[in-house]
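K.L.:
Sharing final-v1.cif here; it has mmCIF, C-alpha atoms.
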```
data_my_file
#
loop_
_atom_site.label_atom_id
_atom_site.label_comp_id
_atom_site.auth_asym_id
_atom_site.auth_seq_id
_atom_site.Cartn_x
_atom_site.Cartn_y
_atom_site.Cartn_z
CA PHE G 18 -17.86 14.66 3.90
CA ALA G 19 -18.60 18.23 4.98
CA ASP G 20 -20.66 16.91 7.90
CA LYS G 21 -17.99 14.37 8.75
CA PHE G 22 -15.27 17.01 8.91
CA ALA G 23 -17.57 19.37 10.81
CA GLU G 24 -18.03 16.72 13.49
CA LEU G 25 -14.26 16.68 13.90
CA GLY G 26 -14.14 20.46 14.22
CA VAL G 27 -12.52 20.88 10.81
CA SER G 28 -13.79 23.89 8.90
CA THR G 29 -10.80 24.86 6.80
CA LEU G 30 -7.82 23.13 5.30
CA GLU G 31 -5.65 24.69 7.99
CA ASP G 32 -7.40 22.40 10.49
CA LEU G 33 -5.90 19.41 8.73
CA GLN G 34 -2.40 18.85 10.01
CA ASP G 35 -1.56 15.37 8.88
CA VAL G 36 -3.03 12.24 7.44
CA ASP G 37 -1.58 8.82 7.93
CA LYS G 38 -2.98 5.47 6.93
CA ASP G 39 -1.94 1.84 6.86
CA MET G 40 -3.53 0.21 3.84
CA LEU G 41 -3.51 -3.54 3.54
CA ALA G 42 -2.45 -4.38 0.03
CA THR G 43 -5.30 -6.81 -0.34
CA ASP G 44 -7.96 -5.51 2.01
CA VAL G 45 -8.78 -2.02 0.82
CA GLY G 46 -12.04 -2.02 2.79
CA LEU G 47 -10.21 -2.48 6.11
CA ASN G 48 -8.28 0.79 5.89
CA LYS G 49 -7.90 2.92 8.99
CA LEU G 50 -7.66 6.68 8.74
CA GLN G 51 -6.23 8.93 11.42
CA ILE G 52 -6.75 12.68 11.20
CA ASN G 53 -4.79 14.98 13.50
CA LYS G 54 -6.24 18.47 13.66
CA ARG G 55 -5.21 21.71 15.28
CA SER G 56 -7.58 24.40 16.48
CA ALA G 57 -7.84 27.40 14.22
CA THR G 58 -7.65 30.82 15.84
CA PRO G 59 -10.46 33.30 15.07
CA ALA G 60 -8.01 35.34 13.01
CA ALA G 61 -6.97 32.29 11.01
CA ALA G 62 -10.57 31.32 10.47
CA ALA G 63 -11.39 34.78 9.19
CA ALA G 64 -8.46 34.71 6.81
CA ALA G 65 -9.12 31.16 5.62
CA PRO G 66 -11.35 32.01 2.60
CA ALA G 67 -8.35 33.69 0.95
CA ASP G 68 -6.52 30.37 0.82
CA PRO G 69 -7.34 28.71 -2.52
CA LEU G 70 -7.18 25.32 -0.86
CA ASN G 71 -10.39 26.09 1.04
CA VAL G 72 -12.15 25.10 -2.16
CA TYR G 73 -12.11 21.55 -0.84
CA ILE G 74 -15.00 22.42 1.49
CA ASP G 75 -17.12 23.42 -1.48
CA ASP G 76 -16.04 20.23 -3.25
CA MET G 77 -17.43 18.22 -0.34
CA GLU G 78 -20.73 20.06 -0.45
CA ARG G 79 -21.04 19.57 -4.21
CA GLY G 80 -20.36 15.86 -3.89
CA LYS G 81 -17.72 14.63 -6.31
CA ASP G 82 -16.43 17.80 -7.95
CA PHE G 83 -12.74 17.74 -7.16
CA SER G 84 -11.66 20.01 -10.00
CA GLY G 85 -10.89 22.98 -7.76
CA LEU G 86 -8.68 20.94 -5.49
CA VAL G 87 -6.91 19.38 -8.46
CA GLY G 88 -6.40 22.87 -9.86
CA VAL G 89 -4.52 23.80 -6.69
CA LEU G 90 -2.47 20.63 -7.05
CA VAL G 91 -1.52 21.72 -10.58
CA ASN G 92 -1.12 25.48 -10.18
CA GLY G 93 -0.43 26.10 -6.50
CA ASP G 94 2.91 26.77 -4.90
CA LEU G 95 4.82 23.85 -3.41
CA GLU G 96 3.26 24.20 0.03
CA GLN G 97 -0.26 24.34 -1.42
CA ARG G 98 0.43 21.32 -3.65
CA GLU G 99 1.76 19.44 -0.63
CA LYS G 100 -1.41 20.20 1.34
CA ALA G 101 -3.66 19.39 -1.60
CA ALA G 102 -2.05 15.96 -1.93
CA ASN G 103 -2.65 15.41 1.77
CA VAL G 104 -6.35 16.25 1.44
CA LEU G 105 -6.69 14.03 -1.63
CA ALA G 106 -5.19 11.16 0.35
CA THR G 107 -7.95 11.68 2.91
CA LEU G 108 -10.69 11.83 0.31
CA ALA G 109 -9.43 8.73 -1.52
CA ASP G 110 -9.36 6.66 1.65
CA ASP G 111 -12.95 5.50 1.37
CA ASN G 112 -14.32 4.50 -2.02
CA GLN G 113 -17.88 3.73 -1.00
CA ASN G 114 -19.09 6.83 -2.85
CA GLY G 115 -16.81 6.44 -5.84
CA HIS G 116 -14.39 9.14 -4.75
CA ARG G 117 -11.32 7.42 -6.15
CA GLN G 118 -12.72 7.32 -9.65
CA ALA G 119 -14.00 10.89 -9.36
CA ILE G 120 -10.59 12.13 -8.19
CA ALA G 121 -8.90 10.35 -11.09
CA GLU G 122 -11.42 11.73 -13.58
CA ALA G 123 -10.72 15.24 -12.27
CA GLY G 124 -7.12 14.76 -13.42
CA ALA G 125 -5.38 14.29 -10.07
CA ILE G 126 -3.08 11.40 -10.93
CA PRO G 127 -0.54 13.10 -13.27
CA PRO G 128 0.11 16.05 -10.91
CA LEU G 129 0.41 13.66 -7.97
CA VAL G 130 3.04 11.73 -9.89
CA GLN G 131 4.75 15.02 -10.74
CA LEU G 132 4.81 15.89 -7.05
CA LEU G 133 6.38 12.51 -6.40
CA ARG G 134 9.07 13.56 -8.89
CA ASP G 135 9.88 17.13 -7.84
CA GLY G 136 8.34 17.76 -4.43
CA SER G 137 9.97 18.12 -1.04
CA ALA G 138 10.39 15.01 1.10
CA GLU G 139 7.09 15.72 2.86
CA ALA G 140 5.31 16.49 -0.40
CA LYS G 141 6.53 13.22 -1.89
CA GLY G 142 5.21 11.40 1.15
CA ASN G 143 1.82 13.07 0.79
CA ALA G 144 1.69 12.26 -2.92
CA ALA G 145 2.60 8.65 -2.17
CA GLY G 146 -0.21 8.53 0.39
CA ALA G 147 -2.75 9.76 -2.16
CA LEU G 148 -1.50 7.33 -4.81
CA ARG G 149 -1.54 4.52 -2.27
CA ASN G 150 -5.22 5.09 -1.58
CA LEU G 151 -6.14 5.65 -5.24
CA SER G 152 -4.31 2.48 -6.29
CA GLY G 153 -6.88 0.39 -4.46
CA ASP G 154 -9.10 0.97 -7.51
CA ALA G 155 -8.12 -1.13 -10.56
CA GLY G 156 -8.70 1.67 -13.04
CA CYS G 157 -6.73 4.14 -10.96
CA ALA G 158 -3.92 1.60 -10.59
CA GLN G 159 -3.51 1.42 -14.35
CA ALA G 160 -3.60 5.21 -14.68
CA ILE G 161 -0.95 5.54 -11.96
CA ALA G 162 1.34 3.15 -13.81
CA GLU G 163 0.76 4.89 -17.14
CA ALA G 164 1.61 8.25 -15.56
CA GLY G 165 5.11 6.96 -14.77
CA ALA G 166 4.78 6.41 -11.03
CA ILE G 167 6.49 3.02 -10.77
CA PRO G 168 10.16 4.09 -10.94
CA LEU G 169 9.42 7.06 -8.70
CA LEU G 170 7.80 4.81 -6.09
CA VAL G 171 10.81 2.50 -6.23
CA GLN G 172 13.07 5.52 -5.75
CA LEU G 173 11.01 6.46 -2.70
CA LEU G 174 11.37 2.89 -1.47
CA ARG G 175 15.12 3.35 -1.77
CA ASN G 176 15.61 6.85 -0.34
CA GLY G 177 12.39 7.95 1.35
CA SER G 178 11.54 8.29 5.01
CA ALA G 179 10.33 5.23 6.91
CA GLU G 180 6.73 6.36 6.49
CA ALA G 181 7.19 7.09 2.78
CA LYS G 182 8.71 3.66 2.25
CA GLU G 183 5.61 2.04 3.76
CA LYS G 184 3.34 4.05 1.47
CA ALA G 185 5.45 3.16 -1.56
CA ALA G 186 5.42 -0.53 -0.63
CA VAL G 187 1.64 -0.61 -0.34
CA THR G 188 1.19 1.25 -3.62
CA LEU G 189 3.54 -1.13 -5.44
CA GLY G 190 1.65 -4.06 -3.95
CA ASN G 191 -1.65 -2.66 -5.18
CA LEU G 192 -0.20 -2.02 -8.63
CA SER G 193 1.02 -5.63 -8.72
CA ALA G 194 -2.32 -7.12 -7.78
CA ASN G 195 -4.02 -7.67 -11.12
CA SER G 196 -1.48 -7.11 -13.86
CA ASN G 197 1.37 -9.24 -15.15
CA ASP G 198 2.75 -6.26 -17.06
CA ARG G 199 2.84 -4.05 -13.98
CA ARG G 200 4.48 -6.81 -11.94
CA GLN G 201 7.21 -7.13 -14.54
CA ALA G 202 7.67 -3.35 -14.73
CA ILE G 203 8.00 -3.13 -10.95
CA ALA G 204 10.54 -5.96 -10.88
CA GLU G 205 12.56 -4.48 -13.74
CA VAL G 206 13.25 -1.24 -11.87
CA GLY G 207 14.63 -3.07 -8.84
CA ALA G 208 11.72 -3.14 -6.39
CA ILE G 209 12.14 -6.73 -5.16
CA PRO G 210 15.51 -6.36 -3.34
CA LEU G 211 14.32 -3.11 -1.79
CA LEU G 212 11.13 -4.75 -0.53
CA VAL G 213 13.15 -7.60 0.92
CA GLN G 214 15.39 -5.04 2.63
CA LEU G 215 12.28 -3.41 4.10
CA LEU G 216 11.11 -6.85 5.21
CA ARG G 217 14.46 -7.27 6.99
CA ASP G 218 15.04 -3.82 8.47
CA GLY G 219 11.68 -2.08 8.67
CA ASN G 220 9.48 -1.61 11.69
CA VAL G 221 6.58 -3.97 12.40
CA GLU G 222 4.17 -2.19 10.08
CA ALA G 223 6.75 -1.80 7.31
CA LYS G 224 7.50 -5.51 7.39
CA GLU G 225 3.82 -6.27 6.96
CA MET G 226 3.52 -3.88 4.02
CA ALA G 227 6.62 -5.34 2.38
CA ALA G 228 5.28 -8.87 2.80
CA GLY G 229 2.02 -7.82 1.16
CA ALA G 230 3.84 -6.37 -1.84
CA LEU G 231 6.03 -9.47 -2.18
CA TRP G 232 2.92 -11.63 -2.00
CA TYR G 233 1.57 -10.03 -5.16
CA LEU G 234 4.91 -9.74 -6.93
CA SER G 235 5.53 -13.48 -6.47
CA ARG G 236 2.35 -14.37 -8.34
CA GLY G 237 3.78 -16.19 -11.35
CA ASP G 238 5.56 -14.66 -14.32
CA GLY G 239 8.83 -16.24 -13.18
CA LEU G 240 9.17 -13.71 -10.35
CA GLU G 241 9.03 -16.39 -7.64
CA GLN G 242 12.71 -17.12 -8.09
CA ALA G 243 13.60 -13.42 -8.05
CA VAL G 244 11.84 -13.04 -4.71
CA ALA G 245 13.59 -16.12 -3.32
CA GLU G 246 17.01 -15.09 -4.64
CA ALA G 247 16.65 -11.70 -2.95
CA GLY G 248 16.48 -13.52 0.41
CA ALA G 249 12.78 -13.24 1.16
CA ILE G 250 12.04 -16.80 2.27
CA PRO G 251 13.82 -16.85 5.67
CA LEU G 252 12.43 -13.40 6.45
CA LEU G 253 8.89 -14.50 5.59
CA VAL G 254 9.36 -17.50 7.90
CA GLN G 255 10.36 -15.12 10.68
CA LEU G 256 7.24 -13.07 10.00
CA LEU G 257 5.16 -16.24 10.05
CA ARG G 258 6.63 -16.97 13.47
CA ASP G 259 6.58 -13.55 15.12
CA GLY G 260 4.39 -11.23 13.04
CA SER G 261 0.93 -9.86 13.65
CA ALA G 262 -2.12 -11.82 12.51
CA GLU G 263 -2.29 -9.71 9.34
CA ALA G 264 1.44 -10.08 8.69
CA LYS G 265 1.21 -13.84 9.08
CA GLY G 266 -1.60 -13.94 6.53
CA LYS G 267 0.48 -11.98 4.03
CA ALA G 268 3.51 -14.21 4.61
CA ALA G 269 1.34 -17.28 4.03
CA GLY G 270 0.02 -15.71 0.83
CA ALA G 271 3.57 -15.19 -0.38
CA PHE G 272 4.41 -18.80 0.45
CA ALA G 273 1.34 -19.98 -1.48
CA ASN G 274 2.69 -18.22 -4.56
CA LEU G 275 6.33 -19.16 -4.04
CA SER G 276 5.43 -22.83 -3.52
CA CYS G 277 4.30 -23.06 -7.13
CA ASP G 278 7.99 -23.05 -8.08
CA ASP G 279 9.72 -26.33 -7.23
CA GLY G 280 13.00 -24.71 -6.22
CA CYS G 281 11.23 -22.24 -3.95
CA ALA G 282 9.12 -25.03 -2.47
CA GLN G 283 12.28 -26.91 -1.53
CA ALA G 284 13.76 -23.80 0.08
CA ILE G 285 10.54 -23.28 2.06
CA LEU G 286 10.79 -26.87 3.33
CA GLU G 287 14.41 -26.43 4.35
CA VAL G 288 13.84 -23.28 6.44
CA GLY G 289 11.14 -24.93 8.52
CA ALA G 290 8.05 -23.12 7.27
CA ILE G 291 5.75 -26.16 7.10
CA PRO G 292 5.06 -26.53 10.87
CA LEU G 293 4.36 -22.80 11.09
CA LEU G 294 1.92 -23.00 8.17
CA VAL G 295 0.17 -25.92 9.84
CA GLN G 296 -0.07 -23.92 13.06
CA LEU G 297 -1.55 -21.01 11.11
CA LEU G 298 -4.03 -23.41 9.52
CA ARG G 299 -5.05 -24.36 13.04
CA ASP G 300 -5.06 -21.02 14.82
CA GLY G 301 -5.09 -18.23 12.22
CA SER G 302 -7.85 -15.99 10.92
CA ALA G 303 -10.16 -17.38 8.26
CA LYS G 304 -8.27 -15.54 5.54
CA ALA G 305 -4.87 -16.64 6.87
CA LYS G 306 -6.09 -20.23 7.09
CA GLY G 307 -7.01 -20.12 3.41
CA LYS G 308 -3.55 -18.86 2.45
CA ALA G 309 -1.84 -21.44 4.65
CA ALA G 310 -3.95 -24.21 3.12
CA GLY G 311 -2.97 -23.08 -0.37
CA ALA G 312 0.71 -23.04 0.53
CA LEU G 313 0.54 -26.50 2.10
CA TRP G 314 -1.31 -27.89 -0.92
CA TYR G 315 1.36 -26.66 -3.31
CA LEU G 316 4.15 -27.82 -1.01
CA SER G 317 2.71 -31.33 -0.87
CA ARG G 318 2.67 -31.79 -4.63
CA GLY G 319 5.29 -33.90 -6.37
CA ASP G 320 8.16 -34.20 -3.93
CA GLY G 321 7.88 -37.13 -1.50
CA LEU G 322 9.85 -35.43 1.27
CA ARG G 323 7.61 -32.38 1.19
CA LYS G 324 4.50 -34.56 1.26
CA GLN G 325 5.91 -36.39 4.25
CA ALA G 326 6.79 -33.15 6.02
CA VAL G 327 3.28 -31.80 5.54
CA ALA G 328 1.74 -35.08 6.75
CA GLU G 329 3.96 -35.22 9.83
CA ALA G 330 3.40 -31.60 10.79
#
```
Reformat the file's structure so that it appears as structure tokens.
P.N.:
Amino acid sequence: FADKFAELGVSTLEDLQDVDKDMLATDVGLNKLQINKRSATPAAAAAAPADPLNVYIDDMERGKDFSGLVGVLVNGDLEQREKAANVLATLADDNQNGHRQAIAEAGAIPPLVQLLRDGSAEAKGNAAGALRNLSGDAGCAQAIAEAGAIPLLVQLLRNGSAEAKEKAAVTLGNLSANSNDRRQAIAEVGAIPLLVQLLRDGNVEAKEMAAGALWYLSRGDGLEQAVAEAGAIPLLVQLLRDGSAEAKGKAAGAFANLSCDDGCAQAILEVGAIPLLVQLLRDGSAKAKGKAAGALWYLSRGDGLRKQAVAEA
């Protein structure tokens, strides 16, 4: 990491201005990271060692020792904690070297959740970004839930900035991925209507992130009807019609889950989703084709009208 940052001209934490990332709820390995840096003046560079956050450079050189950075996250002032969360979001972006687990083992998750609770708007966004990236690891996802992040993420989904809402949506989707208990906990604190609202009113990227979260939340446990009752089905059809390739794949995944419920399957038929799913089966990416095929298979079970609609499409 030290070499990587050096190539970018980053020698101190002050060179890191912002980190933003769009994580696909299901494709952690496809993450894109954008680092915006500002040039440090000679005076700033000379003064940099006095900043306790510069310990992150040593952490990179030592490999996976993130204890110093986590210490700043715990004991620093609000500005330092905000910056530390931003750096941790960067470090947790790529898990090829086990950084997510190492960051969690260093004790980062509870103070990140605390920052989500009592930080400034920007600090909460940075904490959500770090938790979003960490939640791509199953063990970290469980630790994030146990630290009390779920209601705070839902609160951010309700009142946060547009960017923070996207981060919260992705994190909630990741937390939903492999746990019935976490899905239920997320639903119980009111996440589903807020995700549907984001699917309706968000920008292009936010709609994709909301669809990804709803895909996982609609995976059984009786939550299919809750997603449908919140008004998701027509909005997912719109995304299937006009969304990006990734967004269409997520919408198809949600339909594959929702179609397991007979009432939802009927609603999907009535809003005209079947021809769009067939088109995706024909023209979509390999992954989207698989989701569309699953949705069409479930839709064609049982009801004669749905079978006929699939056959005629």
K.L.:
Can you tell me which residues surround Val130 of chain G at a distance of at most 10 Å, considering all atoms listed in the file, apart from same-chain residues fewer than 2 positions away, and format the answer as a VMD selection string?
P.N.:
chain G and resid 125 to 128 132 to 136 141 144 to 145 147 to 148 161 to 162 164 to 167 169 to 170
K.L.:
Apply the PyMOL selection byres ((chain G and resi 102) around 7) to the file shown and report the selected residues as a list of chain:residue names.
P.N.:
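When the PyMOL selection byres ((chain G and resi 102) around 7) is applied to the shown file, the picked residues are G:Leu90, G:Arg98, G:Glu99, G:Lys100, G:Ala101, G:Asn103, G:Val104, G:Leu105, G:Ala106, G:Leu129, G:Asn143, G:Ala144, G:Ala147.
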K.L.:
What does the distance from atom CA of Leu252 of chain G to atom CA of Leu216 of chain G come to in Å, to one decimal?
P.N.:
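Distance reported for this atom pair: 6.8 Å.
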K.L.:
Selection in question (the file shown): the PyMOL selection byres ((chain G and resi 210) around 9). Which residues does it include, as a compact mmCIF listing (two decimals) with C-alpha atoms, in the frame of the given file?
P.N.:
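File selection04.txt, as written:
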```txt
# COMPACT_ATOMS: atom_id res chain seq x y z
CA GLY G 207 14.63 -3.07 -8.84
CA ALA G 208 11.72 -3.14 -6.39
CA ILE G 209 12.14 -6.73 -5.16
CA LEU G 211 14.32 -3.11 -1.79
CA LEU G 212 11.13 -4.75 -0.53
CA VAL G 213 13.15 -7.60 0.92
CA GLN G 214 15.39 -5.04 2.63
CA LEU G 215 12.28 -3.41 4.10
CA ALA G 243 13.60 -13.42 -8.05
CA VAL G 244 11.84 -13.04 -4.71
CA GLU G 246 17.01 -15.09 -4.64
CA ALA G 247 16.65 -11.70 -2.95
CA GLY G 248 16.48 -13.52 0.41
CA ALA G 249 12.78 -13.24 1.16
```
K.L.:
Need the axis-aligned box for segment 135-153 of chain G with 3 Å each side, so what are the centre and edges in Å to one decimal, as lines of an AutoDock Vina configuration file?
P.N.:
```
center_x = 1.8
center_y = 9.3
center_z = -2.5
size_x = 23.3
size_y = 23.7
size_z = 16.7
```
K.L.:
On this structure, which residues satisfy the PyMOL selection byres ((chain G and resi 201) around 12), written as a PyMOL selection string?
P.N.:
chain G and resi 162+167+189+192-200+202-209+233-241+243
K.L.:
With distances taken over all atoms listed in the file, which residue among G:Glu287, G:Asp300, G:Asp111, G:Asp154 lies nearest Gly266 of chain G?
P.N.:
G:Asp300
K.L.:
Hey, what's within 9 Å of Ala310 of chain G if we count all atoms listed in the file and toss same-chain stuff fewer than 2 positions away? As a ChimeraX atom specification, please?
P.N.:
/G:269,273,294-295,297-298,305-308,312-315
K.L.:
Would you work out the distance separating atom CA of Gln255 of chain G from atom CA of Asn274 of chain G, expressed in Å to one decimal?
P.N.:
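Computing the Euclidean distance for atom CA of Gln255 of chain G and atom CA of Asn274 of chain G yields 17.3 Å.
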K.L.:
Expressed in Å to a single decimal, how great is the separation between atom CA of Leu151 of chain G and atom CA of Lys265 of chain G?
P.N.:
25.3 Å
K.L.:
Looking at all atoms listed in the file, which of G:Glu222, G:Ala119, G:Ala227, G:Ala290 is the one that sits closest to Ile250 of chain G?
P.N.:
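Using all atoms listed in the file, Ile250 of chain G sits closest to G:Ala290.
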K.L.:
Identify, on the basis of all atoms listed in the file, every residue whose closest approach to Ala264 of chain G does not exceed 12 Å; exclude the query and any residue fewer than 2 positions from it along the same chain; express the result as a ChimeraX atom specification.
P.N.:
/G:41-43,216,221-232,252-262,266-271,297,301-302,304-305,308
